[in-house]
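Structure below is my_file_39.txt: compact mmCIF, C-alpha atoms.
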# COMPACT_ATOMS: atom_id res chain seq x y z
CA MET A 1 0.00 0.00 0.00
CA PRO A 2 1.38 3.49 -0.82
CA ARG A 3 2.23 5.54 2.29
CA THR A 4 0.73 9.02 2.49
CA VAL A 5 0.96 11.92 4.88
CA GLY A 6 -1.90 11.69 7.39
CA ARG A 7 -4.51 14.26 8.30
CA ARG A 8 -2.82 15.23 11.56
CA ALA A 9 0.37 16.27 9.79
CA LEU A 10 -1.66 18.36 7.34
CA PHE A 11 -3.60 19.89 10.23
CA PHE A 12 -0.43 21.01 12.00
CA ALA A 13 0.98 22.29 8.68
CA ALA A 14 -2.18 24.39 8.27
CA VAL A 15 -1.79 25.73 11.83
CA ALA A 16 1.84 26.66 11.07
CA LEU A 17 0.77 28.37 7.84
CA LEU A 18 -1.94 30.35 9.63
CA SER A 19 0.63 31.52 12.19
CA LEU A 20 2.92 32.66 9.37
CA LEU A 21 0.07 34.51 7.67
CA LEU A 22 -0.45 36.46 10.90
CA TYR A 23 3.19 37.62 10.89
CA TYR A 24 2.66 40.91 9.04
CA PRO A 25 -0.62 41.99 10.68
CA THR A 26 0.96 41.42 14.12
CA PRO A 27 2.55 44.47 15.82
CA SER A 28 6.34 44.24 15.54
CA ASP A 29 6.81 43.63 19.30
CA PHE A 30 4.90 40.35 19.07
CA ARG A 31 5.98 38.99 15.69
CA TRP A 32 8.25 36.50 17.42
CA VAL A 33 5.10 34.85 18.80
CA CYS A 34 3.96 34.12 15.23
CA LEU A 35 7.39 32.72 14.39
CA PHE A 36 7.36 30.61 17.55
CA SER A 37 3.95 29.10 16.85
CA ALA A 38 4.76 28.59 13.15
CA SER A 39 7.99 26.78 14.13
CA LEU A 40 6.24 24.60 16.69
CA GLY A 41 3.41 23.79 14.26
CA GLY A 42 5.91 23.10 11.49
CA PHE A 43 7.94 20.84 13.77
CA TRP A 44 4.93 18.71 14.65
CA ALA A 45 3.75 18.64 11.03
CA LEU A 46 7.18 17.38 10.00
CA ALA A 47 7.43 14.86 12.85
CA LEU A 48 3.97 13.45 12.13
CA ALA A 49 4.66 13.35 8.37
CA ILE A 50 7.91 11.44 8.99
CA GLU A 51 6.07 9.02 11.23
CA ASP A 52 3.38 8.52 8.58
CA LEU A 53 5.91 7.94 5.83
CA THR A 54 8.44 5.78 7.66
CA GLY A 55 6.35 3.94 10.26
CA PRO A 56 5.01 0.47 9.63
CA SER A 57 2.18 0.69 7.15
CA ALA A 58 -1.28 -0.45 8.20
CA PRO A 59 -1.85 -4.17 7.64
CA PRO A 60 -3.97 -5.00 4.58
CA ARG A 61 -7.57 -5.45 5.48
CA GLN A 62 -8.40 -9.11 5.73
CA ARG A 63 -11.48 -10.65 4.24
CA PRO A 64 -14.08 -11.80 6.73
CA ALA A 65 -13.22 -15.27 7.84
CA GLN A 66 -14.93 -18.04 5.92
CA PRO A 67 -16.78 -20.60 7.99
CA ALA A 68 -14.16 -23.12 8.91
CA ALA A 69 -14.42 -26.28 6.93
CA GLU A 70 -14.42 -29.38 8.97
CA SER A 71 -10.89 -30.42 9.49
CA GLN A 72 -10.02 -33.47 7.49
CA SER A 73 -7.04 -34.27 9.61
CA PRO A 74 -6.91 -34.90 13.35
CA PHE A 75 -3.44 -33.20 13.30
CA ALA A 76 -4.54 -29.82 11.92
CA PRO A 77 -3.35 -26.83 14.00
CA PRO A 78 -5.84 -25.77 16.68
CA PRO A 79 -8.01 -22.67 16.06
CA PRO A 80 -6.81 -19.43 17.69
CA ARG A 81 -7.90 -18.90 21.32
CA ALA A 82 -11.06 -16.90 21.81
CA GLY A 83 -10.34 -13.27 22.82
CA GLY A 84 -6.69 -13.40 21.75
CA ARG A 85 -5.58 -10.59 19.47
CA PRO A 86 -3.80 -11.46 16.25
CA ARG A 87 -0.30 -9.96 16.08
CA GLU A 88 -1.20 -7.70 13.09
CA SER A 89 -3.88 -5.80 15.01
CA ARG A 90 -1.66 -4.71 17.90
CA PRO A 91 -1.05 -0.95 18.22
CA ARG A 92 1.66 0.47 16.01
CA GLY A 93 4.98 1.45 17.46
CA GLY A 94 6.79 4.61 16.45
CA LEU A 95 6.85 8.19 17.60
CA PHE A 96 3.20 8.58 18.59
CA GLY A 97 1.73 5.11 18.28
CA GLY A 98 2.04 2.29 20.74
CA ARG A 99 1.62 4.48 23.79
CA ARG A 100 -0.19 3.14 26.78
CA HIS A 101 -3.29 5.07 27.69
CA ILE A 102 -2.46 6.99 30.87
CA MET B 1 -16.50 64.25 40.52
CA VAL B 2 -18.51 61.27 41.75
CA THR B 3 -22.04 61.31 40.37
CA THR B 4 -24.96 58.90 40.34
CA GLY B 5 -24.19 58.18 36.68
CA LEU B 6 -20.61 57.24 37.53
CA VAL B 7 -21.72 54.90 40.32
CA LEU B 8 -24.32 53.34 38.00
CA VAL B 9 -21.77 52.72 35.23
CA ILE B 10 -19.31 51.17 37.73
CA LEU B 11 -22.08 48.90 39.03
CA VAL B 12 -22.97 47.83 35.48
CA ALA B 13 -19.26 47.11 34.81
CA LEU B 14 -19.00 45.01 37.97
CA SER B 15 -22.18 43.13 37.01
CA PHE B 16 -20.62 42.38 33.64
CA ASP B 17 -17.58 41.01 35.51
CA PHE B 18 -19.81 38.94 37.80
CA PHE B 19 -21.57 37.35 34.81
CA ASN B 20 -18.21 36.74 33.15
CA GLY B 21 -17.18 34.65 36.17
CA PHE B 22 -20.61 32.99 36.22
CA HIS B 23 -20.30 32.10 32.53
CA ASP B 24 -16.68 30.95 32.56
CA ALA B 25 -16.71 28.98 35.82
CA ALA B 26 -17.23 25.87 33.69
CA ASN B 27 -13.95 26.48 31.85
CA SER B 28 -12.00 26.66 35.09
CA ILE B 29 -13.42 23.62 36.78
CA ALA B 30 -14.61 21.39 33.93
CA THR B 31 -11.48 19.27 33.67
CA VAL B 32 -10.85 18.83 37.42
CA VAL B 33 -14.43 17.76 37.95
CA SER B 34 -14.67 15.49 34.92
CA THR B 35 -11.53 13.64 36.04
CA ARG B 36 -12.97 13.47 39.59
CA VAL B 37 -9.92 15.12 41.08
CA LEU B 38 -12.18 17.50 43.01
CA SER B 39 -15.86 17.43 43.86
CA PRO B 40 -17.84 20.11 41.94
CA SER B 41 -18.47 22.19 45.04
CA PHE B 42 -14.83 22.19 46.15
CA ALA B 43 -13.67 22.87 42.57
CA VAL B 44 -15.85 25.98 42.43
CA VAL B 45 -14.32 27.34 45.64
CA TRP B 46 -10.81 26.43 44.40
CA ALA B 47 -11.36 28.38 41.13
CA ALA B 48 -12.94 31.38 42.87
CA VAL B 49 -10.04 31.70 45.33
CA PHE B 50 -7.48 31.73 42.52
CA ASN B 51 -9.63 34.14 40.48
CA PHE B 52 -9.44 36.52 43.42
CA VAL B 53 -5.75 36.22 44.30
CA ALA B 54 -4.69 36.90 40.69
CA PHE B 55 -4.30 40.58 41.58
CA LEU B 56 -1.33 39.67 43.79
CA VAL B 57 0.50 38.04 40.87
CA PHE B 58 -0.21 40.18 37.82
CA LYS B 59 0.09 43.87 37.11
CA THR B 60 -2.75 45.75 35.42
CA LYS B 61 -1.44 45.93 31.85
CA VAL B 62 -4.59 44.41 30.32
CA ALA B 63 -6.67 47.05 32.11
CA SER B 64 -4.45 49.79 30.70
CA THR B 65 -4.85 48.35 27.19
CA ILE B 66 -8.64 48.43 27.49
CA ALA B 67 -8.68 51.94 28.97
CA LYS B 68 -6.03 53.58 26.80
CA ASP B 69 -5.17 51.52 23.68
CA VAL B 70 -8.52 50.64 22.07
CA VAL B 71 -10.29 54.01 22.02
CA LYS B 72 -8.70 57.44 22.43
CA PRO B 73 -9.06 58.20 26.18
CA GLU B 74 -10.45 61.71 25.49
CA VAL B 75 -13.44 60.16 23.65
CA PHE B 76 -14.59 58.26 26.75
CA THR B 77 -17.57 59.73 28.55
CA LEU B 78 -20.04 58.13 30.94
CA GLY B 79 -22.42 57.71 27.99
CA VAL B 80 -19.82 56.00 25.81
CA VAL B 81 -18.78 53.54 28.52
CA PHE B 82 -22.40 52.86 29.47
CA ALA B 83 -23.40 52.27 25.84
CA GLY B 84 -20.35 50.05 25.32
CA LEU B 85 -21.21 47.92 28.37
CA ILE B 86 -24.88 47.67 27.43
CA GLY B 87 -23.85 46.74 23.87
CA ALA B 88 -21.67 43.92 25.21
CA ILE B 89 -24.32 42.68 27.65
CA VAL B 90 -27.15 42.83 25.09
CA TRP B 91 -25.00 41.01 22.52
CA ASP B 92 -24.20 38.32 25.11
CA ILE B 93 -27.92 37.90 25.84
CA ILE B 94 -28.86 37.78 22.12
CA THR B 95 -26.23 35.13 21.39
CA TRP B 96 -27.19 33.15 24.50
CA TYR B 97 -30.86 33.22 23.41
CA PHE B 98 -30.10 32.03 19.89
CA GLY B 99 -27.44 29.57 21.04
CA LEU B 100 -24.70 31.36 19.11
CA PRO B 101 -21.11 31.27 20.35
CA THR B 102 -19.72 34.41 21.92
CA SER B 103 -16.87 35.79 23.95
CA SER B 104 -17.61 38.34 26.66
CA SER B 105 -14.13 39.82 26.27
CA HIS B 106 -14.50 40.49 22.56
CA ALA B 107 -18.05 41.73 23.09
CA LEU B 108 -16.71 44.30 25.55
CA ILE B 109 -14.08 45.53 23.10
CA GLY B 110 -16.61 45.62 20.23
CA GLY B 111 -19.10 47.47 22.44
CA MET B 112 -16.60 50.13 23.50
CA ALA B 113 -15.51 50.62 19.90
CA GLY B 114 -19.11 50.89 18.64
CA ALA B 115 -20.05 53.50 21.22
CA ALA B 116 -16.86 55.50 20.57
CA VAL B 117 -17.46 55.47 16.80
CA ALA B 118 -21.06 56.57 17.36
CA LYS B 119 -19.78 59.53 19.39
CA ALA B 120 -16.69 60.67 17.52
CA GLY B 121 -16.34 58.69 14.28
CA TRP B 122 -13.83 56.07 13.14
CA HIS B 123 -10.78 58.17 14.01
CA SER B 124 -11.60 57.66 17.69
CA LEU B 125 -10.26 54.10 17.45
CA LEU B 126 -6.58 53.37 17.98
CA ALA B 127 -5.44 51.11 15.15
CA GLU B 128 -2.35 49.72 16.91
CA GLY B 129 -4.22 48.53 20.00
CA PHE B 130 -7.02 47.09 17.91
CA ARG B 131 -4.52 45.26 15.69
CA LYS B 132 -2.88 43.66 18.73
CA ILE B 133 -6.23 42.46 20.07
CA ALA B 134 -7.48 41.24 16.68
CA VAL B 135 -4.34 39.20 15.97
CA PHE B 136 -4.37 37.55 19.40
CA ILE B 137 -8.01 36.56 18.98
CA VAL B 138 -6.66 34.03 16.49
CA LEU B 139 -3.21 33.48 17.99
CA SER B 140 -4.26 32.64 21.57
CA PRO B 141 -6.18 29.42 20.70
CA ILE B 142 -3.38 28.44 18.31
CA ILE B 143 -0.76 28.86 21.03
CA GLY B 144 -2.96 26.92 23.47
CA LEU B 145 -3.38 24.13 20.91
CA LEU B 146 0.32 23.82 20.10
CA LEU B 147 1.46 24.03 23.73
CA SER B 148 -1.05 21.46 24.98
CA PHE B 149 -0.12 19.03 22.20
CA THR B 150 3.58 19.53 22.96
CA ILE B 151 3.13 19.09 26.73
CA LEU B 152 0.98 15.96 26.32
CA VAL B 153 3.29 14.28 23.79
CA GLY B 154 6.29 15.20 25.97
CA VAL B 155 4.69 13.70 29.06
CA GLN B 156 3.62 10.55 27.23
CA TRP B 157 7.08 10.17 25.78
CA ALA B 158 8.70 10.64 29.18
CA PHE B 159 6.50 8.09 30.92
CA HIS B 160 5.74 5.54 28.20
CA ARG B 161 7.96 2.90 29.82
CA TYR B 162 6.61 3.54 33.30
CA ARG B 163 4.56 0.51 34.29
CA LYS B 164 2.78 1.68 37.44
CA VAL B 165 -0.18 3.27 35.67
CA THR B 166 -2.28 3.70 38.82
CA ARG B 167 0.48 5.57 40.61
CA LEU B 168 1.09 7.70 37.52
CA ASN B 169 -2.58 8.63 37.22
CA LYS B 170 -2.58 9.56 40.91
CA ALA B 171 0.39 11.85 40.35
CA PHE B 172 -1.33 13.53 37.41
CA ARG B 173 -4.49 14.02 39.44
CA ARG B 174 -2.40 15.99 41.93
CA THR B 175 -0.77 17.91 39.06
CA GLN B 176 -4.23 18.84 37.85
CA LEU B 177 -4.90 20.68 41.09
CA VAL B 178 -1.96 22.94 40.28
CA SER B 179 -2.87 23.35 36.61
CA ALA B 180 -6.51 24.16 37.44
CA ALA B 181 -5.34 26.75 39.96
CA ALA B 182 -2.99 28.24 37.36
CA PHE B 183 -5.79 28.44 34.81
CA SER B 184 -8.09 30.15 37.31
CA LEU B 185 -5.29 32.58 38.12
CA GLY B 186 -4.92 33.39 34.40
CA HIS B 187 -8.70 33.69 34.02
CA GLY B 188 -8.91 36.08 36.97
CA ALA B 189 -5.98 38.13 35.70
CA ASN B 190 -7.27 38.45 32.16
CA ASP B 191 -11.01 38.83 32.57
CA ALA B 192 -11.11 40.87 35.78
CA GLN B 193 -8.65 43.31 34.22
CA LYS B 194 -11.02 43.99 31.32
CA THR B 195 -13.55 45.32 33.80
CA MET B 196 -10.82 47.25 35.61
CA GLY B 197 -9.99 48.86 32.26
CA VAL B 198 -13.59 49.90 31.73
CA ILE B 199 -13.82 51.37 35.24
CA LEU B 200 -10.48 53.15 34.79
CA ALA B 201 -11.76 54.64 31.52
CA VAL B 202 -14.89 55.93 33.19
CA LEU B 203 -12.89 57.35 36.13
CA ILE B 204 -10.62 59.16 33.67
CA ALA B 205 -13.66 60.42 31.72
CA SER B 206 -15.20 61.77 34.94
CA LYS B 207 -11.86 63.35 35.91
CA VAL B 208 -11.79 61.39 39.17
CA VAL B 209 -8.26 60.23 38.27
CA PRO B 210 -5.76 61.79 35.80
CA THR B 211 -5.22 60.26 32.32
CA THR B 212 -1.83 58.88 33.32
CA ALA B 213 -3.14 57.20 36.49
CA ASP B 214 -2.75 53.52 37.21
CA VAL B 215 -5.74 51.40 38.26
CA PRO B 216 -6.74 52.30 41.86
CA LEU B 217 -6.52 49.45 44.39
CA TRP B 218 -10.25 49.53 45.21
CA VAL B 219 -11.00 48.96 41.51
CA VAL B 220 -8.58 46.02 41.41
CA LEU B 221 -10.09 44.44 44.51
CA SER B 222 -13.72 44.99 43.50
CA ALA B 223 -13.18 43.58 39.97
CA HIS B 224 -11.48 40.44 41.33
CA ALA B 225 -14.17 40.06 44.00
CA ALA B 226 -16.93 40.36 41.35
CA ILE B 227 -15.43 37.70 39.08
CA ALA B 228 -14.74 35.38 42.04
CA LEU B 229 -18.33 35.76 43.30
CA GLY B 230 -19.58 35.10 39.76
CA THR B 231 -17.51 31.93 39.59
CA LEU B 232 -18.93 30.82 42.94
CA SER B 233 -22.51 31.45 41.83
CA GLY B 234 -22.07 29.97 38.34
CA GLY B 235 -20.31 26.95 39.71
CA TRP B 236 -23.17 25.95 41.98
CA ARG B 237 -25.48 25.97 38.97
CA ILE B 238 -23.03 23.92 36.95
CA VAL B 239 -22.89 21.23 39.62
CA HIS B 240 -26.26 19.94 38.42
CA THR B 241 -25.34 19.64 34.75
CA MET B 242 -21.74 18.65 35.19
CA GLY B 243 -22.24 14.93 34.77
CA SER B 244 -23.86 15.11 31.35
CA ARG B 245 -22.14 17.99 29.63
CA ILE B 246 -18.46 17.35 30.02
CA THR B 247 -16.36 15.06 27.91
CA LYS B 248 -14.44 12.49 29.89
CA LEU B 249 -10.77 13.39 30.07
CA GLN B 250 -7.81 11.51 31.48
CA PRO B 251 -6.00 13.41 34.27
CA VAL B 252 -2.89 13.77 32.11
CA SER B 253 -4.88 15.32 29.24
CA GLY B 254 -6.73 17.68 31.56
CA ALA B 255 -3.52 18.78 33.25
CA SER B 256 -1.81 19.35 29.87
CA ALA B 257 -4.70 21.39 28.47
CA GLU B 258 -4.95 23.54 31.59
CA ALA B 259 -1.20 24.06 31.84
CA ALA B 260 -1.04 25.15 28.19
CA ALA B 261 -4.02 27.49 28.53
CA ALA B 262 -2.63 28.93 31.78
CA ALA B 263 0.75 29.57 30.14
CA THR B 264 -0.97 31.38 27.25
CA LEU B 265 -3.08 33.49 29.65
CA PHE B 266 -0.03 34.34 31.80
CA PHE B 267 1.84 35.49 28.70
CA THR B 268 -1.02 37.63 27.40
CA ALA B 269 -1.75 39.11 30.86
CA ALA B 270 1.92 39.99 31.34
CA HIS B 271 2.01 41.75 27.94
CA GLY B 272 -1.32 43.55 28.34
CA ILE B 273 -3.16 41.63 25.61
CA PRO B 274 -6.86 40.96 26.28
CA VAL B 275 -7.79 37.48 25.02
CA SER B 276 -10.75 35.17 25.41
CA THR B 277 -10.13 32.58 28.13
CA THR B 278 -12.86 30.38 26.61
CA HIS B 279 -11.18 30.33 23.21
CA THR B 280 -7.79 29.65 24.75
CA ILE B 281 -8.95 26.61 26.74
CA THR B 282 -10.92 25.37 23.71
CA GLY B 283 -7.74 25.55 21.59
CA ALA B 284 -5.83 23.69 24.31
CA ILE B 285 -8.46 20.93 24.48
CA VAL B 286 -8.36 20.57 20.68
CA GLY B 287 -4.58 20.15 20.98
CA VAL B 288 -4.97 17.41 23.58
CA GLY B 289 -7.64 15.68 21.47
CA SER B 290 -5.52 15.78 18.33
CA SER B 291 -2.67 13.97 20.12
CA GLN B 292 -4.77 10.81 19.82
CA ARG B 293 -6.48 11.31 16.47
CA LEU B 294 -8.23 14.21 14.75
CA SER B 295 -11.61 12.51 14.90
CA ALA B 296 -11.33 12.60 18.72
CA VAL B 297 -11.85 16.35 18.54
CA ARG B 298 -15.35 17.79 18.63
CA TRP B 299 -14.93 19.94 15.54
CA GLY B 300 -18.39 21.43 16.05
CA VAL B 301 -17.05 23.27 19.11
CA ALA B 302 -13.99 24.49 17.20
CA ARG B 303 -16.25 25.71 14.38
CA ARG B 304 -18.35 27.64 16.90
CA VAL B 305 -15.20 29.36 18.17
CA VAL B 306 -14.39 30.49 14.63
CA TRP B 307 -17.92 31.88 14.32
CA ALA B 308 -17.38 33.72 17.59
CA TRP B 309 -14.24 35.31 16.11
CA ILE B 310 -16.26 36.56 13.16
CA LEU B 311 -19.50 37.61 14.84
CA THR B 312 -18.79 38.96 18.30
CA ILE B 313 -16.91 42.21 17.75
CA PRO B 314 -19.11 43.44 14.85
CA GLY B 315 -22.28 42.34 16.67
CA ALA B 316 -21.47 44.14 19.93
CA PHE B 317 -20.20 47.10 17.90
CA VAL B 318 -23.54 47.51 16.12
CA VAL B 319 -25.60 47.11 19.32
CA ALA B 320 -23.46 49.66 21.21
CA TRP B 321 -23.68 52.08 18.25
CA PHE B 322 -27.47 51.97 18.43
CA VAL B 323 -27.46 52.25 22.24
CA TYR B 324 -25.30 55.38 22.04
CA ALA B 325 -27.37 56.98 19.24
CA PRO B 326 -29.93 58.60 21.63
CA PHE B 327 -27.06 60.24 23.60
CA ARG B 328 -26.14 62.19 20.44
CA LEU B 329 -29.51 63.85 20.18
In structure tokens, how does this file's structure come out?
Amino acid sequence: MPRTVGRRALFFAAVALLSLLLYYPTPSDFRWVCLFSASLGGFWALALAIEDLTGPSAPPRQRPAQPAAESQSPFAPPPPRAGGRPRESRPRGGLFGGRRHI
Amino acid sequence: MVTTGLVLVILVALSFDFFNGFHDAANSIATVVSTRVLSPSFAVVWAAVFNFVAFLVFKTKVASTIAKDVVKPEVFTLGVVFAGLIGAIVWDIITWYFGLPTSSSHALIGGMAGAAVAKAGWHSLLAEGFRKIAVFIVLSPIIGLLLSFTILVGVQWAFHRYRKVTRLNKAFRRTQLVSAAAFSLGHGANDAQKTMGVILAVLIASKVVPTTADVPLWVVLSAHAAIALGTLSGGWRIVHTMGSRITKLQPVSGASAEAAAAATLFFTAAHGIPVSTTHTITGAIVGVGSSQRLSAVRWGVARRVVWAWILTIPGAFVVAWFVYAPFRL
């Protein structure tokens, strides 16, 4: 699957752009505030974009499971345990993913 | 000279301050109550105390901006200030009735400007002061948003390997006491000073104090007392609706949002920039929400804030213009 920049990165880029647009209307004493917020917004836009582009891509969506055919062999592997999560659906790692909810 | 008109205008200004506290009590205590760090009744008292003691921490630069940087001080008369206050109050009531978003702070500035223009024309407005206020209407929620996102991501990064989640949550619940107090301090400093500015303007107009005078202590104390009493009264009412109206927040998110909003309010109060405390905390909560995913944010609320940016100042301006019109006859 092609990796794309997510909505959060675009959102922070828009916030940074808005801060930059306010640079000239702002009185000269406070223009550094616009630069500060544009830099912070730009930093997060960049960090989130890098995470989107380099992090592990989302697993391909699996088709709904077909009703299991009766096993022909008594040695077939056992079905997965009820309630257990498949490895693919665990939270992503990376800069912002994989955090525990505190 | 102290006249009945002067006393009346000061009482109207203090009532405006009281209702500001009444209105905004929810902003100060919403997160501490929703995370069950404090009971609603104790949270109200906590916020009111810090609303009041803000005068010990901050100077009165916001008050000076309102009194001297928005409208030329020589244009202020009792009629102008009265019309400006009535314009702001009427606009607040209209928007409340129709369920439109508003900001009392911006309504006050719009009202003063409308009444001044009705008296002396457009040249009575001071472009530089207006520009500062207009820019920070947009910048203050943006700063709140970026700071809260940064604080929350920083905290999560710092503690993501910490396994004792219960102990961590307990620590953040304690932190929230401090952040809620800081936000109430910022709220008291910013919003009470707007009323101080109005009272200072009317005292200058009545020649009770000279144009260069600082805000008298009795004005400082009465404005802080009015907003604190408003918070106390508003809070009791909010106790009943608290359970259903507030989004559930984790203590760490609440503390981050409040800390970011408080930092923004401290900065603006220290530099004499009047901003909306409601918009600032809304921006901070959007920042906290967007640290999880954008769909976690209630964009309807954010959209209402943008409408408030657009509508409030012109709305209060027009109402105050019409209120002042009879004074010209």
At most 12 Å to chain B: residues in chain A, only C-alpha atoms, as a count of residues only: 52
Computed interatomic separation between CA of Ala192 in chain B and CA of Asp214 in chain B (Å):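 The value is 15.2 Å.
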Point (-19.8, 43.1, 22.9) neighbourhood (7 Å, all atoms listed in the file) written as a PyMOL selection string: chain B and resi 87-89+91-92+104+106-111+312-313+315-317
Point-to-point distance from CA of Thr65 in chain B to CA of Arg303 in chain B, Å rounded to tenths: 28.4 Å
